[in-house]
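Following: one structure in structure tokens, then a few remarks.
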Amino acid sequence: MRRTKQESEQTRQRILRAARREFVRRGVARTTLGHIATTAGVTRGAIYWHFADKTALFHAMREQVSLPLIDRMSFALLSASDEDPLAAIETFLNSLVDTIAGDSATLQTFQIMIFKCEYVDEFQSELARQTRRSHELVSQLTTVYQRAQRAGGLRRGLAPAVAALDTCVFVNGLLRLFLLDQAGTLLRPHVSALIAAHVAGRHSSGR
């Protein structure tokens, strides 16, 4: 029985990897379960054994990378010290990019979600989910910017909530351009410098 469960999980993971490859190649709307089955080397029935439909398969693929990123985000932000909360934000932003760049499954999933999916019909709920996650990010960033303000490290006149929303906008644009720059000739060599400049603009010293 244990061997059967292991084999079943291996098949499930093979299907998820195949779905990722096909979604990147064709886009979510134009990918069929037949395409995924062929790439995975399984039957359509095997896919239906693990996933109710393509939407369920898409959500499972997304959850493989989104939850670890949220966990990592929470840890990096909540562990910020009162001495230099802005340094924690800079560390978090660099860590987020490193996580995406360092794992092919995460990189492909973000490519799919940003460029390869039309958020209509059964995928429309995904937009609401992304909005909720953005609210969560802004909320946690606001908390850290408030720490910086209390410690006298935040630029005078900059409200923590505004700084947090601006950083959310910054990171979304950064990740989009990072994914577009597959040749590494536009943004990727300058990521750390851009992040440092973004955070420096929030320091009370203006450094």
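To be explicit about the labels: the chains of the structure tokens are called A, B, and onward in the order shown, and within each one the residues are counted from 1, while ligands get numbers from 1 in the order they are shown.
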
Please report as a Markdown table every residue of segment 36-150 of chain A lying within 9 Å of segment 181-198 of chain A, along with the nearest atom pair and their distance in Å (one decimal), using only C-alpha atoms.
```
| residue | atom | partner | partner_atom | distance |
| --- | --- | --- | --- | --- |
| A:Glu90 | CA | A:Ile195 | CA | 6.5 |
| A:Leu93 | CA | A:Ile195 | CA | 7.0 |
| A:Asn94 | CA | A:Ser192 | CA | 6.6 |
| A:Val97 | CA | A:Val191 | CA | 8.3 |
```

Please produce a file of the residues just selected, as a JSON list (two decimals), in the first residue's frame, where the atoms kept are C-alpha atoms.
```json
[["chain", "number", "residue", "atom", "x", "y", "z"],
["A", 90, "GLU", "CA", 15.62, 45.21, 1.75],
["A", 93, "LEU", "CA", 12.88, 42.02, -1.38],
["A", 94, "ASN", "CA", 16.21, 40.48, -2.35],
["A", 97, "VAL", "CA", 13.76, 37.72, -6.17]]
```

In segment 117-202 of chain A, what's helix (DSSP H, G or I) per DSSP? Answer as a PDB file with C-alpha atoms, in the first residue's frame?
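Once everything was written out, this is part21.pdb:
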```
ATOM      1  CA  ASP A 121     -14.595  32.495 -16.368  1.00  0.00           C
ATOM      2  CA  GLU A 122     -13.358  29.848 -13.912  1.00  0.00           C
ATOM      3  CA  PHE A 123     -10.050  31.674 -13.406  1.00  0.00           C
ATOM      4  CA  SER A 125     -11.520  34.169  -8.749  1.00  0.00           C
ATOM      5  CA  GLU A 126      -7.732  34.124  -8.963  1.00  0.00           C
ATOM      6  CA  LEU A 127      -7.731  37.921  -9.319  1.00  0.00           C
ATOM      7  CA  ALA A 128      -9.551  38.277  -6.005  1.00  0.00           C
ATOM      8  CA  ARG A 129      -6.997  35.957  -4.423  1.00  0.00           C
ATOM      9  CA  GLN A 130      -4.110  38.025  -5.775  1.00  0.00           C
ATOM     10  CA  THR A 131      -5.763  41.174  -4.446  1.00  0.00           C
ATOM     11  CA  ARG A 132      -6.043  39.597  -0.987  1.00  0.00           C
ATOM     12  CA  ARG A 133      -2.377  38.646  -1.055  1.00  0.00           C
ATOM     13  CA  SER A 134      -1.461  42.211  -2.021  1.00  0.00           C
ATOM     14  CA  HIS A 135      -3.470  43.502   0.944  1.00  0.00           C
ATOM     15  CA  GLU A 136      -1.575  41.064   3.194  1.00  0.00           C
ATOM     16  CA  LEU A 137       1.760  42.271   1.856  1.00  0.00           C
ATOM     17  CA  VAL A 138       0.838  45.953   2.300  1.00  0.00           C
ATOM     18  CA  SER A 139      -0.363  45.264   5.835  1.00  0.00           C
ATOM     19  CA  GLN A 140       2.873  43.564   6.857  1.00  0.00           C
ATOM     20  CA  LEU A 141       5.016  46.196   5.179  1.00  0.00           C
ATOM     21  CA  THR A 142       3.044  48.919   6.958  1.00  0.00           C
ATOM     22  CA  THR A 143       3.863  47.289  10.295  1.00  0.00           C
ATOM     23  CA  VAL A 144       7.575  47.298   9.498  1.00  0.00           C
ATOM     24  CA  TYR A 145       7.512  50.888   8.247  1.00  0.00           C
ATOM     25  CA  GLN A 146       5.754  51.863  11.473  1.00  0.00           C
ATOM     26  CA  ARG A 147       8.657  50.296  13.376  1.00  0.00           C
ATOM     27  CA  ALA A 148      11.048  52.360  11.297  1.00  0.00           C
ATOM     28  CA  GLN A 149       9.040  55.498  12.027  1.00  0.00           C
ATOM     29  CA  ARG A 150       9.077  54.887  15.777  1.00  0.00           C
ATOM     30  CA  PRO A 160       4.005  54.110   6.688  1.00  0.00           C
ATOM     31  CA  ALA A 161       0.862  53.038   4.805  1.00  0.00           C
ATOM     32  CA  VAL A 162       1.889  55.039   1.733  1.00  0.00           C
ATOM     33  CA  ALA A 163       5.440  53.694   1.897  1.00  0.00           C
ATOM     34  CA  ALA A 164       4.048  50.154   2.134  1.00  0.00           C
ATOM     35  CA  LEU A 165       1.759  50.574  -0.856  1.00  0.00           C
ATOM     36  CA  ASP A 166       4.591  52.105  -2.868  1.00  0.00           C
ATOM     37  CA  THR A 167       6.825  49.129  -2.059  1.00  0.00           C
ATOM     38  CA  CYS A 168       4.054  46.748  -3.114  1.00  0.00           C
ATOM     39  CA  VAL A 169       3.792  48.567  -6.455  1.00  0.00           C
ATOM     40  CA  PHE A 170       7.591  48.523  -6.765  1.00  0.00           C
ATOM     41  CA  VAL A 171       7.938  44.791  -6.154  1.00  0.00           C
ATOM     42  CA  ASN A 172       5.133  43.922  -8.582  1.00  0.00           C
ATOM     43  CA  GLY A 173       6.765  45.969 -11.321  1.00  0.00           C
ATOM     44  CA  LEU A 174      10.185  44.590 -10.443  1.00  0.00           C
ATOM     45  CA  LEU A 175       9.050  40.976 -10.706  1.00  0.00           C
ATOM     46  CA  ARG A 176       7.221  41.586 -13.985  1.00  0.00           C
ATOM     47  CA  LEU A 177      10.254  43.178 -15.613  1.00  0.00           C
ATOM     48  CA  PHE A 178      12.534  40.521 -14.090  1.00  0.00           C
ATOM     49  CA  LEU A 179      10.486  37.809 -15.799  1.00  0.00           C
ATOM     50  CA  LEU A 180      10.474  39.704 -19.099  1.00  0.00           C
ATOM     51  CA  ARG A 188      18.514  41.381 -13.829  1.00  0.00           C
ATOM     52  CA  PRO A 189      22.099  42.668 -13.385  1.00  0.00           C
ATOM     53  CA  HIS A 190      20.748  45.676 -11.463  1.00  0.00           C
ATOM     54  CA  VAL A 191      18.154  44.100  -9.158  1.00  0.00           C
ATOM     55  CA  SER A 192      20.087  44.531  -5.909  1.00  0.00           C
ATOM     56  CA  ALA A 193      20.995  48.126  -6.751  1.00  0.00           C
ATOM     57  CA  LEU A 194      17.381  48.980  -7.595  1.00  0.00           C
ATOM     58  CA  ILE A 195      16.131  47.464  -4.346  1.00  0.00           C
ATOM     59  CA  ALA A 196      18.798  49.300  -2.354  1.00  0.00           C
ATOM     60  CA  ALA A 197      17.840  52.590  -4.025  1.00  0.00           C
ATOM     61  CA  HIS A 198      14.156  51.987  -3.314  1.00  0.00           C
ATOM     62  CA  VAL A 199      14.777  51.378   0.383  1.00  0.00           C
ATOM     63  CA  ALA A 200      17.315  54.198   0.656  1.00  0.00           C
TER      64      ALA A 200
END
```

(request) Find the residues near Lys116 of chain A: any atom within 9 Å, counting only C-alpha atoms, skip ones fewer than 3 places away on the same chain, and give them as a PyMOL selection string. (result) chain A and resi 23-29+111-113

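The nearest approach to Phe58 of chain A among the residues A:Leu16, A:Ala101, A:Ala87, A:Ala37, with only C-alpha atoms taken into account, belongs to A:Leu16.
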